[in-house]
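> What follows is run_25.pdb, made up of PDB, C-alpha atoms:
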ATOM      1  CA  MET O   1     -29.070  -5.884 -28.975  1.00  0.00           C
ATOM      2  CA  THR O   2     -26.185  -6.840 -26.688  1.00  0.00           C
ATOM      3  CA  LEU O   3     -25.222  -4.349 -24.013  1.00  0.00           C
ATOM      4  CA  LEU O   4     -21.542  -4.116 -23.225  1.00  0.00           C
ATOM      5  CA  HIS O   5     -20.673  -4.656 -19.579  1.00  0.00           C
ATOM      6  CA  THR O   6     -18.590  -1.863 -18.116  1.00  0.00           C
ATOM      7  CA  PRO O   7     -16.652  -2.969 -15.038  1.00  0.00           C
ATOM      8  CA  PRO O   8     -16.770  -0.705 -11.995  1.00  0.00           C
ATOM      9  CA  ARG O   9     -13.719   1.415 -11.359  1.00  0.00           C
ATOM     10  CA  ALA O  10     -11.554   1.336  -8.242  1.00  0.00           C
ATOM     11  CA  VAL O  11      -8.589   3.371  -7.089  1.00  0.00           C
ATOM     12  CA  VAL O  12      -5.900   1.218  -5.484  1.00  0.00           C
ATOM     13  CA  LEU O  13      -3.148   2.752  -3.366  1.00  0.00           C
ATOM     14  CA  LEU O  14       0.065   1.165  -4.620  1.00  0.00           C
ATOM     15  CA  SER O  15       3.286   1.706  -2.713  1.00  0.00           C
ATOM     16  CA  GLY O  16       5.245  -0.882  -4.678  1.00  0.00           C
ATOM     17  CA  GLY O  17       5.438  -3.202  -1.674  1.00  0.00           C
ATOM     18  CA  LEU O  18       4.172  -6.717  -1.060  1.00  0.00           C
ATOM     19  CA  ASP O  19       0.875  -5.791   0.590  1.00  0.00           C
ATOM     20  CA  SER O  20      -0.248  -3.165  -1.913  1.00  0.00           C
ATOM     21  CA  ALA O  21       0.636  -5.433  -4.851  1.00  0.00           C
ATOM     22  CA  THR O  22      -1.568  -8.140  -3.353  1.00  0.00           C
ATOM     23  CA  CYS O  23      -4.323  -5.582  -2.827  1.00  0.00           C
ATOM     24  CA  LEU O  24      -4.164  -4.566  -6.505  1.00  0.00           C
ATOM     25  CA  ALA O  25      -4.421  -8.221  -7.556  1.00  0.00           C
ATOM     26  CA  ILE O  26      -7.439  -8.711  -5.285  1.00  0.00           C
ATOM     27  CA  ALA O  27      -9.213  -5.674  -6.720  1.00  0.00           C
ATOM     28  CA  ARG O  28      -8.611  -6.962 -10.232  1.00  0.00           C
ATOM     29  CA  ASP O  29      -9.843 -10.435  -9.256  1.00  0.00           C
ATOM     30  CA  MET O  30     -13.041  -8.862  -7.863  1.00  0.00           C
ATOM     31  CA  GLY O  31     -13.786  -7.487 -11.314  1.00  0.00           C
ATOM     32  CA  PHE O  32     -12.757  -3.868 -10.900  1.00  0.00           C
ATOM     33  CA  GLU O  33     -11.058  -1.787 -13.535  1.00  0.00           C
ATOM     34  CA  THR O  34      -8.118  -0.657 -11.445  1.00  0.00           C
ATOM     35  CA  TYR O  35      -6.498   2.757 -11.257  1.00  0.00           C
ATOM     36  CA  ALA O  36      -3.257   2.538  -9.303  1.00  0.00           C
ATOM     37  CA  LEU O  37      -2.119   5.503  -7.232  1.00  0.00           C
ATOM     38  CA  SER O  38       1.338   5.867  -5.742  1.00  0.00           C
ATOM     39  CA  VAL O  39       2.375   8.762  -3.524  1.00  0.00           C
ATOM     40  CA  ALA O  40       5.794  10.367  -3.400  1.00  0.00           C
ATOM     41  CA  TYR O  41       5.669  11.746   0.122  1.00  0.00           C
ATOM     42  CA  GLY O  42       9.374  12.341   0.644  1.00  0.00           C
ATOM     43  CA  GLN O  43      10.231   8.755   1.528  1.00  0.00           C
ATOM     44  CA  ARG O  44      13.931   7.961   1.730  1.00  0.00           C
ATOM     45  CA  HIS O  45      13.359   4.524   0.207  1.00  0.00           C
ATOM     46  CA  ALA O  46      12.249   5.850  -3.192  1.00  0.00           C
ATOM     47  CA  ALA O  47      13.017   2.510  -4.876  1.00  0.00           C
ATOM     48  CA  GLU O  48       9.469   1.495  -3.955  1.00  0.00           C
ATOM     49  CA  LEU O  49       8.098   4.104  -6.370  1.00  0.00           C
ATOM     50  CA  VAL O  50      10.082   2.511  -9.197  1.00  0.00           C
ATOM     51  CA  ALA O  51       8.689  -0.852  -8.114  1.00  0.00           C
ATOM     52  CA  SER O  52       5.132   0.500  -8.174  1.00  0.00           C
ATOM     53  CA  LYS O  53       5.438   1.154 -11.916  1.00  0.00           C
ATOM     54  CA  ARG O  54       6.518  -2.434 -12.518  1.00  0.00           C
ATOM     55  CA  VAL O  55       3.723  -3.826 -10.372  1.00  0.00           C
ATOM     56  CA  ALA O  56       1.007  -1.654 -11.945  1.00  0.00           C
ATOM     57  CA  GLN O  57       2.025  -2.792 -15.413  1.00  0.00           C
ATOM     58  CA  ALA O  58       2.357  -6.449 -14.466  1.00  0.00           C
ATOM     59  CA  LEU O  59      -1.064  -6.524 -12.798  1.00  0.00           C
ATOM     60  CA  GLY O  60      -2.866  -4.726 -15.589  1.00  0.00           C
ATOM     61  CA  ALA O  61      -3.827  -1.425 -13.988  1.00  0.00           C
ATOM     62  CA  ARG O  62      -5.859   0.689 -16.387  1.00  0.00           C
ATOM     63  CA  GLU O  63      -3.826   3.719 -15.344  1.00  0.00           C
ATOM     64  CA  HIS O  64      -1.052   4.440 -12.875  1.00  0.00           C
ATOM     65  CA  ARG O  65      -0.322   7.848 -11.438  1.00  0.00           C
ATOM     66  CA  THR O  66       2.131   9.142  -8.850  1.00  0.00           C
ATOM     67  CA  ALA O  67       1.002  12.085  -6.740  1.00  0.00           C
ATOM     68  CA  SER O  68       3.479  14.210  -4.824  1.00  0.00           C
ATOM     69  CA  VAL O  69       3.020  15.617  -1.326  1.00  0.00           C
ATOM     70  CA  GLU O  70       6.092  16.588   0.668  1.00  0.00           C
ATOM     71  CA  LEU O  71       5.528  15.101   4.104  1.00  0.00           C
ATOM     72  CA  GLY O  72       9.286  14.878   4.414  1.00  0.00           C
ATOM     73  CA  GLN O  73       9.465  18.624   5.017  1.00  0.00           C
ATOM     74  CA  PHE O  74       7.982  18.022   8.464  1.00  0.00           C
ATOM     75  CA  GLY O  75      10.281  15.132   9.402  1.00  0.00           C
ATOM     76  CA  GLY O  76       9.222  13.151  12.449  1.00  0.00           C
ATOM     77  CA  SER O  77       9.800   9.715  10.904  1.00  0.00           C
ATOM     78  CA  ALA O  78      12.774   7.518  10.128  1.00  0.00           C
ATOM     79  CA  LEU O  79      11.267   7.003   6.674  1.00  0.00           C
ATOM     80  CA  THR O  80      11.443  10.701   5.765  1.00  0.00           C
ATOM     81  CA  ASP O  81      14.104  12.236   8.021  1.00  0.00           C
ATOM     82  CA  PRO O  82      17.730  11.166   7.390  1.00  0.00           C
ATOM     83  CA  GLY O  83      18.541  12.319  10.909  1.00  0.00           C
ATOM     84  CA  ILE O  84      16.451   9.496  12.416  1.00  0.00           C
ATOM     85  CA  ALA O  85      17.912   6.009  12.075  1.00  0.00           C
ATOM     86  CA  VAL O  86      15.791   3.085  10.905  1.00  0.00           C
ATOM     87  CA  PRO O  87      15.782   0.519  13.760  1.00  0.00           C
ATOM     88  CA  LEU O  88      17.622  -2.658  12.822  1.00  0.00           C
ATOM     89  CA  ASP O  89      17.500  -6.172  14.251  1.00  0.00           C
ATOM     90  CA  GLN O  90      14.917  -5.313  16.894  1.00  0.00           C
ATOM     91  CA  ASP O  91      11.221  -5.633  17.514  1.00  0.00           C
ATOM     92  CA  ASN O  92       9.401  -2.380  18.116  1.00  0.00           C
ATOM     93  CA  ALA O  93       7.457  -1.647  21.276  1.00  0.00           C
ATOM     94  CA  GLY O  94       4.569   0.755  20.791  1.00  0.00           C
ATOM     95  CA  ILE O  95       4.406   3.001  17.747  1.00  0.00           C
ATOM     96  CA  PRO O  96       7.868   2.959  16.134  1.00  0.00           C
ATOM     97  CA  VAL O  97       9.912   5.805  14.626  1.00  0.00           C
ATOM     98  CA  THR O  98       9.080   4.459  11.152  1.00  0.00           C
ATOM     99  CA  TYR O  99       5.512   5.732  11.581  1.00  0.00           C
ATOM    100  CA  VAL O 100       4.963   8.663   9.185  1.00  0.00           C
ATOM    101  CA  PRO O 101       2.571  11.181  10.772  1.00  0.00           C
ATOM    102  CA  ALA O 102      -0.835  11.141   9.031  1.00  0.00           C
ATOM    103  CA  ARG O 103       0.529   9.294   5.984  1.00  0.00           C
ATOM    104  CA  ASN O 104      -2.443   7.008   5.334  1.00  0.00           C
ATOM    105  CA  THR O 105      -4.904   9.832   6.005  1.00  0.00           C
ATOM    106  CA  VAL O 106      -3.167  11.969   3.391  1.00  0.00           C
ATOM    107  CA  MET O 107      -2.857   9.160   0.842  1.00  0.00           C
ATOM    108  CA  LEU O 108      -6.462   8.043   1.222  1.00  0.00           C
ATOM    109  CA  SER O 109      -7.567  11.655   0.801  1.00  0.00           C
ATOM    110  CA  ILE O 110      -5.687  11.921  -2.492  1.00  0.00           C
ATOM    111  CA  ALA O 111      -7.165   8.588  -3.590  1.00  0.00           C
ATOM    112  CA  LEU O 112     -10.618   9.884  -2.668  1.00  0.00           C
ATOM    113  CA  ALA O 113     -10.139  12.966  -4.835  1.00  0.00           C
ATOM    114  CA  TRP O 114      -9.126  10.891  -7.866  1.00  0.00           C
ATOM    115  CA  ALA O 115     -11.916   8.381  -7.256  1.00  0.00           C
ATOM    116  CA  GLU O 116     -14.525  11.134  -7.245  1.00  0.00           C
ATOM    117  CA  VAL O 117     -13.240  12.456 -10.577  1.00  0.00           C
ATOM    118  CA  LEU O 118     -13.183   8.936 -12.056  1.00  0.00           C
ATOM    119  CA  GLY O 119     -16.665   8.096 -10.845  1.00  0.00           C
ATOM    120  CA  ALA O 120     -15.209   5.288  -8.746  1.00  0.00           C
ATOM    121  CA  ASN O 121     -17.006   4.418  -5.525  1.00  0.00           C
ATOM    122  CA  ASP O 122     -14.329   2.006  -4.345  1.00  0.00           C
ATOM    123  CA  ILE O 123     -10.849   2.584  -2.924  1.00  0.00           C
ATOM    124  CA  PHE O 124      -8.474  -0.222  -1.959  1.00  0.00           C
ATOM    125  CA  VAL O 125      -5.667   0.096   0.564  1.00  0.00           C
ATOM    126  CA  GLY O 126      -3.306  -2.644   1.709  1.00  0.00           C
ATOM    127  CA  VAL O 127      -3.182  -1.885   5.424  1.00  0.00           C
ATOM    128  CA  ASN O 128      -2.750  -4.780   7.823  1.00  0.00           C
ATOM    129  CA  ALA O 129      -3.469  -5.047  11.549  1.00  0.00           C
ATOM    130  CA  VAL O 130      -1.892  -8.458  12.194  1.00  0.00           C
ATOM    131  CA  ASP O 131       1.739  -8.615  10.995  1.00  0.00           C
ATOM    132  CA  TYR O 132       2.404  -4.877  11.042  1.00  0.00           C
ATOM    133  CA  SER O 133       4.369  -2.293  12.977  1.00  0.00           C
ATOM    134  CA  GLY O 134       1.695  -0.916  15.290  1.00  0.00           C
ATOM    135  CA  TYR O 135       0.770   2.095  13.175  1.00  0.00           C
ATOM    136  CA  PRO O 136      -2.536   3.696  14.254  1.00  0.00           C
ATOM    137  CA  ASP O 137      -3.544   4.307  10.621  1.00  0.00           C
ATOM    138  CA  CYS O 138      -3.479   0.589   9.829  1.00  0.00           C
ATOM    139  CA  ARG O 139      -6.291  -0.341  12.198  1.00  0.00           C
ATOM    140  CA  PRO O 140      -9.929  -1.203  11.415  1.00  0.00           C
ATOM    141  CA  ALA O 141     -11.273   1.748  13.431  1.00  0.00           C
ATOM    142  CA  PHE O 142      -9.332   4.172  11.243  1.00  0.00           C
ATOM    143  CA  ILE O 143     -10.562   2.620   7.985  1.00  0.00           C
ATOM    144  CA  GLU O 144     -14.172   2.645   9.196  1.00  0.00           C
ATOM    145  CA  ALA O 145     -13.893   6.267  10.300  1.00  0.00           C
ATOM    146  CA  PHE O 146     -12.352   7.363   7.003  1.00  0.00           C
ATOM    147  CA  GLU O 147     -15.135   5.686   5.051  1.00  0.00           C
ATOM    148  CA  ARG O 148     -17.746   7.568   7.090  1.00  0.00           C
ATOM    149  CA  MET O 149     -15.857  10.804   6.534  1.00  0.00           C
ATOM    150  CA  ALA O 150     -15.600  10.178   2.777  1.00  0.00           C
ATOM    151  CA  ARG O 151     -19.376   9.956   2.489  1.00  0.00           C
ATOM    152  CA  LEU O 152     -19.750  13.281   4.300  1.00  0.00           C
ATOM    153  CA  ALA O 153     -16.929  15.180   2.601  1.00  0.00           C
ATOM    154  CA  THR O 154     -17.599  14.576  -1.102  1.00  0.00           C
ATOM    155  CA  LYS O 155     -20.191  15.734  -3.595  1.00  0.00           C
ATOM    156  CA  VAL O 156     -20.957  12.170  -4.659  1.00  0.00           C
ATOM    157  CA  GLY O 157     -21.198  11.059  -1.048  1.00  0.00           C
ATOM    158  CA  VAL O 158     -23.786  13.622  -0.003  1.00  0.00           C
ATOM    159  CA  GLU O 159     -25.695  12.853  -3.204  1.00  0.00           C
ATOM    160  CA  GLY O 160     -26.015   9.228  -2.109  1.00  0.00           C
ATOM    161  CA  ALA O 161     -23.045   7.314  -3.492  1.00  0.00           C
ATOM    162  CA  GLN O 162     -21.943   4.514  -1.160  1.00  0.00           C
ATOM    163  CA  LEU O 163     -18.227   5.154  -1.136  1.00  0.00           C
ATOM    164  CA  ARG O 164     -16.334   2.147   0.161  1.00  0.00           C
ATOM    165  CA  ILE O 165     -12.817   1.825   1.547  1.00  0.00           C
ATOM    166  CA  HIS O 166     -11.664  -1.769   1.059  1.00  0.00           C
ATOM    167  CA  ALA O 167      -8.897  -3.131   3.288  1.00  0.00           C
ATOM    168  CA  PRO O 168      -8.907  -6.815   2.245  1.00  0.00           C
ATOM    169  CA  LEU O 169      -5.642  -7.644   4.020  1.00  0.00           C
ATOM    170  CA  ILE O 170      -6.417  -6.067   7.352  1.00  0.00           C
ATOM    171  CA  GLU O 171      -7.009  -9.310   9.257  1.00  0.00           C
ATOM    172  CA  LEU O 172      -4.584 -11.560   7.350  1.00  0.00           C
ATOM    173  CA  SER O 173      -1.173 -12.715   8.493  1.00  0.00           C
ATOM    174  CA  LYS O 174       1.769 -11.959   6.224  1.00  0.00           C
ATOM    175  CA  ALA O 175       1.891 -15.624   5.242  1.00  0.00           C
ATOM    176  CA  ASP O 176      -1.792 -15.591   4.287  1.00  0.00           C
ATOM    177  CA  ILE O 177      -1.282 -12.418   2.254  1.00  0.00           C
ATOM    178  CA  ILE O 178       1.551 -14.070   0.336  1.00  0.00           C
ATOM    179  CA  ARG O 179      -0.474 -17.231  -0.283  1.00  0.00           C
ATOM    180  CA  ARG O 180      -3.363 -15.138  -1.596  1.00  0.00           C
ATOM    181  CA  GLY O 181      -1.081 -13.153  -3.866  1.00  0.00           C
ATOM    182  CA  VAL O 182       0.649 -16.233  -5.256  1.00  0.00           C
ATOM    183  CA  ALA O 183      -2.767 -17.716  -6.081  1.00  0.00           C
ATOM    184  CA  LEU O 184      -3.596 -14.503  -7.970  1.00  0.00           C
ATOM    185  CA  GLY O 185      -0.340 -14.501  -9.905  1.00  0.00           C
ATOM    186  CA  VAL O 186       1.550 -11.756  -8.085  1.00  0.00           C
ATOM    187  CA  ASP O 187       5.278 -11.711  -8.836  1.00  0.00           C
ATOM    188  CA  TYR O 188       6.711 -10.598  -5.514  1.00  0.00           C
ATOM    189  CA  GLY O 189      10.137 -10.271  -7.094  1.00  0.00           C
ATOM    190  CA  LEU O 190       8.855  -7.002  -8.578  1.00  0.00           C
ATOM    191  CA  THR O 191       8.053  -5.493  -5.177  1.00  0.00           C
ATOM    192  CA  VAL O 192      10.137  -3.517  -2.682  1.00  0.00           C
ATOM    193  CA  THR O 193       9.287  -3.598   1.029  1.00  0.00           C
ATOM    194  CA  CYS O 194      12.513  -2.578   2.781  1.00  0.00           C
ATOM    195  CA  TYR O 195      12.591   0.679   4.750  1.00  0.00           C
ATOM    196  CA  GLN O 196      16.072   1.411   3.437  1.00  0.00           C
ATOM    197  CA  ALA O 197      16.303  -0.312   0.074  1.00  0.00           C
ATOM    198  CA  ASP O 198      19.185   0.819  -2.094  1.00  0.00           C
ATOM    199  CA  ASP O 199      18.789   2.445  -5.511  1.00  0.00           C
ATOM    200  CA  ASP O 200      18.570  -0.996  -7.131  1.00  0.00           C
ATOM    201  CA  GLY O 201      15.727  -2.016  -4.832  1.00  0.00           C
ATOM    202  CA  ARG O 202      17.833  -4.456  -2.845  1.00  0.00           C
ATOM    203  CA  ALA O 203      16.666  -4.999   0.719  1.00  0.00           C
ATOM    204  CA  CYS O 204      18.729  -4.584   3.889  1.00  0.00           C
ATOM    205  CA  GLY O 205      17.270  -7.729   5.461  1.00  0.00           C
ATOM    206  CA  ARG O 206      17.463  -6.174   8.933  1.00  0.00           C
ATOM    207  CA  CYS O 207      14.676  -3.602   9.317  1.00  0.00           C
ATOM    208  CA  GLU O 208      11.309  -4.673  10.685  1.00  0.00           C
ATOM    209  CA  ALA O 209       9.669  -4.566   7.247  1.00  0.00           C
ATOM    210  CA  CYS O 210      12.308  -6.952   5.888  1.00  0.00           C
ATOM    211  CA  ARG O 211      12.024  -9.321   8.817  1.00  0.00           C
ATOM    212  CA  LEU O 212       8.210  -9.460   8.642  1.00  0.00           C
ATOM    213  CA  ARG O 213       8.407 -10.093   4.901  1.00  0.00           C
ATOM    214  CA  ALA O 214      11.022 -12.859   5.216  1.00  0.00           C
ATOM    215  CA  ALA O 215       9.083 -14.534   8.026  1.00  0.00           C
ATOM    216  CA  GLY O 216       5.945 -14.389   5.902  1.00  0.00           C
ATOM    217  CA  PHE O 217       7.557 -16.203   2.987  1.00  0.00           C
ATOM    218  CA  ALA O 218       8.986 -18.821   5.339  1.00  0.00           C
ATOM    219  CA  ALA O 219       5.612 -19.394   7.033  1.00  0.00           C
ATOM    220  CA  ALA O 220       3.830 -19.565   3.673  1.00  0.00           C
ATOM    221  CA  GLY O 221       6.301 -22.125   2.350  1.00  0.00           C
ATOM    222  CA  VAL O 222       7.068 -19.874  -0.622  1.00  0.00           C
ATOM    223  CA  ALA O 223      10.577 -19.150  -1.873  1.00  0.00           C
ATOM    224  CA  ASP O 224      11.623 -15.598  -1.001  1.00  0.00           C
ATOM    225  CA  PRO O 225      12.377 -13.731  -4.277  1.00  0.00           C
ATOM    226  CA  THR O 226      13.711 -10.636  -2.480  1.00  0.00           C
ATOM    227  CA  PRO O 227      17.080  -9.341  -3.711  1.00  0.00           C
ATOM    228  CA  TYR O 228      19.228  -8.498  -0.688  1.00  0.00           C
ATOM    229  CA  GLN O 229      22.164  -6.149  -0.316  1.00  0.00           C
ATOM    230  CA  PRO O 230      25.508  -7.865   0.284  1.00  0.00           C
ATOM    231  CA  PRO O 231      26.482  -7.915   3.953  1.00  0.00           C
ATOM    232  CA  SER O 232      28.619  -4.991   5.035  1.00  0.00           C
ATOM    233  CA  THR O 233      32.177  -5.779   5.972  1.00  0.00           C
TER
END
Once you've parsed the file, please lay out its structure as structure tokens.

Amino acid sequence: MTLLHTPPRAVVLLSGGLDSATCLAIARDMGFETYALSVAYGQRHAAELVASKRVAQALGAREHRTASVELGQFGGSALTDPGIAVPLDQDNAGIPVTYVPARNTVMLSIALAWAEVLGANDIFVGVNAVDYSGYPDCRPAFIEAFERMARLATKVGVEGAQLRIHAPLIELSKADIIRRGVALGVDYGLTVTCYQADDDGRACGRCEACRLRAAGFAAAGVADPTPYQPPST
């Protein structure tokens, strides 16, 4: 009698950007049955949520869901508050105004809830502590602390499940992330990274996210497939 192998399940946070798309491809390559989770948190650049649907389908996610939590009602970030301008053509010092208070804590918590229902012990998140904007919730200490908390805060955790938070990109440069994704078949033309992408998903080319992305493609020696907005006159 042949027993059918059932792959382990994993929840993958999928913003629709370059890093999270690579993270989804890595989880799939590791043999997980992937469940992609996007979060509508009140972001002004909602084109990324449209992109997340394309990416989830292209990379074979078993299921893709979008959860809603209105962080925008609190403001405090250029990504959620139209009264705060996205910095252009400048490098940030310290934690920039594009930081969204508690965003990754909230999103990982939602992912944890879905994972527990699915019977998935693994959650993937595409945070990066090398080519990133200085956000405190993209650092190894945060990921390690959240994993410890997850094992204390869930029924499956206290019953002995070894819940794991995977951050496979956390120590990679943007160029290395792109090289890894290309090797895994990621179509980066499907992704949206820009902090102020237009409704068609075209990038501004001037915000820090755009500049990090463009520099990553250049350093990786990979053609940049990003559609850009025409220059303003």
> Evaluate the PyMOL selection byres ((chain O and resi 209) around 12) on the structure here and hand back the selected residues as a PyMOL selection string.
chain O and resi 17-19+79+86-92+96+98-99+131-134+174+192-197+203-208+210-216
> From the list O:Ile143, O:Ala161, O:Val127, O:Leu152, which residue is nearest Ser173 of chain O when using only C-alpha atoms?
O:Val127
> Expand the PyMOL selection byres ((chain O and resi 200) around 10) into the explicit residue set it covers here, and present it as a tab-separated table (two decimals) with C-alpha atoms, in the frame of the given file.

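The result, stored in result.tsv:
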chain	number	residue	atom	x	y	z
O	47	ALA	CA	13.02	2.51	-4.88
O	48	GLU	CA	9.47	1.50	-3.96
O	50	VAL	CA	10.08	2.51	-9.20
O	51	ALA	CA	8.69	-0.85	-8.11
O	192	VAL	CA	10.14	-3.52	-2.68
O	197	ALA	CA	16.30	-0.31	0.07
O	198	ASP	CA	19.18	0.82	-2.09
O	199	ASP	CA	18.79	2.44	-5.51
O	201	GLY	CA	15.73	-2.02	-4.83
O	202	ARG	CA	17.83	-4.46	-2.84
O	203	ALA	CA	16.67	-5.00	0.72
O	227	PRO	CA	17.08	-9.34	-3.71
O	228	TYR	CA	19.23	-8.50	-0.69
O	229	GLN	CA	22.16	-6.15	-0.32
> Hey, what's within 7 Å of Glu63 of chain O if we count only C-alpha atoms and toss same-chain stuff fewer than 2 positions away? As a ChimeraX atom specification, please?
/O:35-36,61,65
> State, in Å with one decimal place, the distance from atom CA of Val100 of chain O to atom CA of Ala10 of chain O.
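Taking atom CA of Val100 of chain O as the start and atom CA of Ala10 of chain O as the end point, the length is 25.1 Å.
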> With distances taken over all atoms listed in the file, which of O:Arg164, O:Arg180, O:Arg44, O:Arg62 is nearest to Glu116 of chain O?
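Closest residue, counting all atoms listed in the file: O:Arg164.
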> Generate a file for segment 147-214 of chain O, containing C-alpha atoms, as a short mmCIF file (atom, residue, chain, number, x, y, z; two decimals), in the first residue's frame.

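Generated output (decode14.cif):
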data_model
loop_
_atom_site.label_atom_id
_atom_site.label_comp_id
_atom_site.auth_asym_id
_atom_site.auth_seq_id
_atom_site.Cartn_x
_atom_site.Cartn_y
_atom_site.Cartn_z
CA GLU O 147 8.29 33.46 17.25
CA ARG O 148 8.70 33.05 21.02
CA MET O 149 5.45 34.91 21.58
CA ALA O 150 3.61 32.75 19.02
CA ARG O 151 4.50 29.60 20.93
CA LEU O 152 3.14 31.12 24.15
CA ALA O 153 0.00 32.73 22.73
CA THR O 154 -1.60 29.89 20.76
CA LYS O 155 -3.37 26.67 21.63
CA VAL O 156 -1.11 24.65 19.34
CA GLY O 157 1.97 26.35 20.76
CA VAL O 158 1.26 25.53 24.39
CA GLU O 159 0.37 21.98 23.31
CA GLY O 160 3.87 21.58 21.89
CA ALA O 161 3.80 22.64 18.25
CA GLN O 162 7.07 24.25 17.16
CA LEU O 163 5.72 27.29 15.39
CA ARG O 164 8.34 28.86 13.17
CA ILE O 165 8.59 32.33 11.67
CA HIS O 166 10.76 32.14 8.55
CA ALA O 167 12.48 35.30 7.31
CA PRO O 168 14.67 33.86 4.52
CA LEU O 169 15.60 37.26 3.07
CA ILE O 170 16.58 38.97 6.28
CA GLU O 171 20.34 38.91 5.69
CA LEU O 172 20.33 39.17 1.88
CA SER O 173 21.09 42.24 -0.20
CA LYS O 174 18.45 43.35 -2.68
CA ALA O 175 20.63 42.05 -5.51
CA ASP O 176 20.91 38.63 -3.85
CA ILE O 177 17.14 38.54 -3.32
CA ILE O 178 16.58 39.24 -7.01
CA ARG O 179 19.10 36.60 -8.08
CA ARG O 180 17.40 34.05 -5.84
CA GLY O 181 13.98 34.92 -7.19
CA VAL O 182 15.09 34.76 -10.82
CA ALA O 183 16.54 31.29 -10.17
CA LEU O 184 13.15 30.25 -8.76
CA GLY O 185 11.21 31.64 -11.70
CA VAL O 186 9.76 34.79 -10.16
CA ASP O 187 8.39 37.25 -12.71
CA TYR O 188 9.19 40.57 -11.08
CA GLY O 189 7.18 42.37 -13.73
CA LEU O 190 4.10 41.22 -11.81
CA THR O 191 5.18 42.94 -8.59
CA VAL O 192 4.67 46.47 -7.26
CA THR O 193 7.16 47.98 -4.81
CA CYS O 194 6.67 51.75 -5.12
CA TYR O 195 5.35 53.69 -2.13
CA GLN O 196 3.18 55.78 -4.43
CA ALA O 197 2.42 53.60 -7.42
CA ASP O 198 -0.43 54.81 -9.59
CA ASP O 199 -3.63 52.85 -10.22
CA ASP O 200 -1.93 50.96 -13.05
CA GLY O 201 0.91 49.88 -10.77
CA ARG O 202 3.46 52.14 -12.41
CA ALA O 203 6.30 53.22 -10.13
CA CYS O 204 7.39 56.78 -9.37
CA GLY O 205 11.08 55.88 -9.58
CA ARG O 206 11.94 58.42 -6.87
CA CYS O 207 10.87 57.05 -3.48
CA GLU O 208 13.30 55.01 -1.42
CA ALA O 209 11.55 51.73 -2.26
CA CYS O 210 11.93 52.45 -5.98
CA ARG O 211 15.56 53.43 -5.67
CA LEU O 212 16.47 50.33 -3.62
CA ARG O 213 14.66 48.14 -6.14
CA ALA O 214 16.34 49.74 -9.17
#
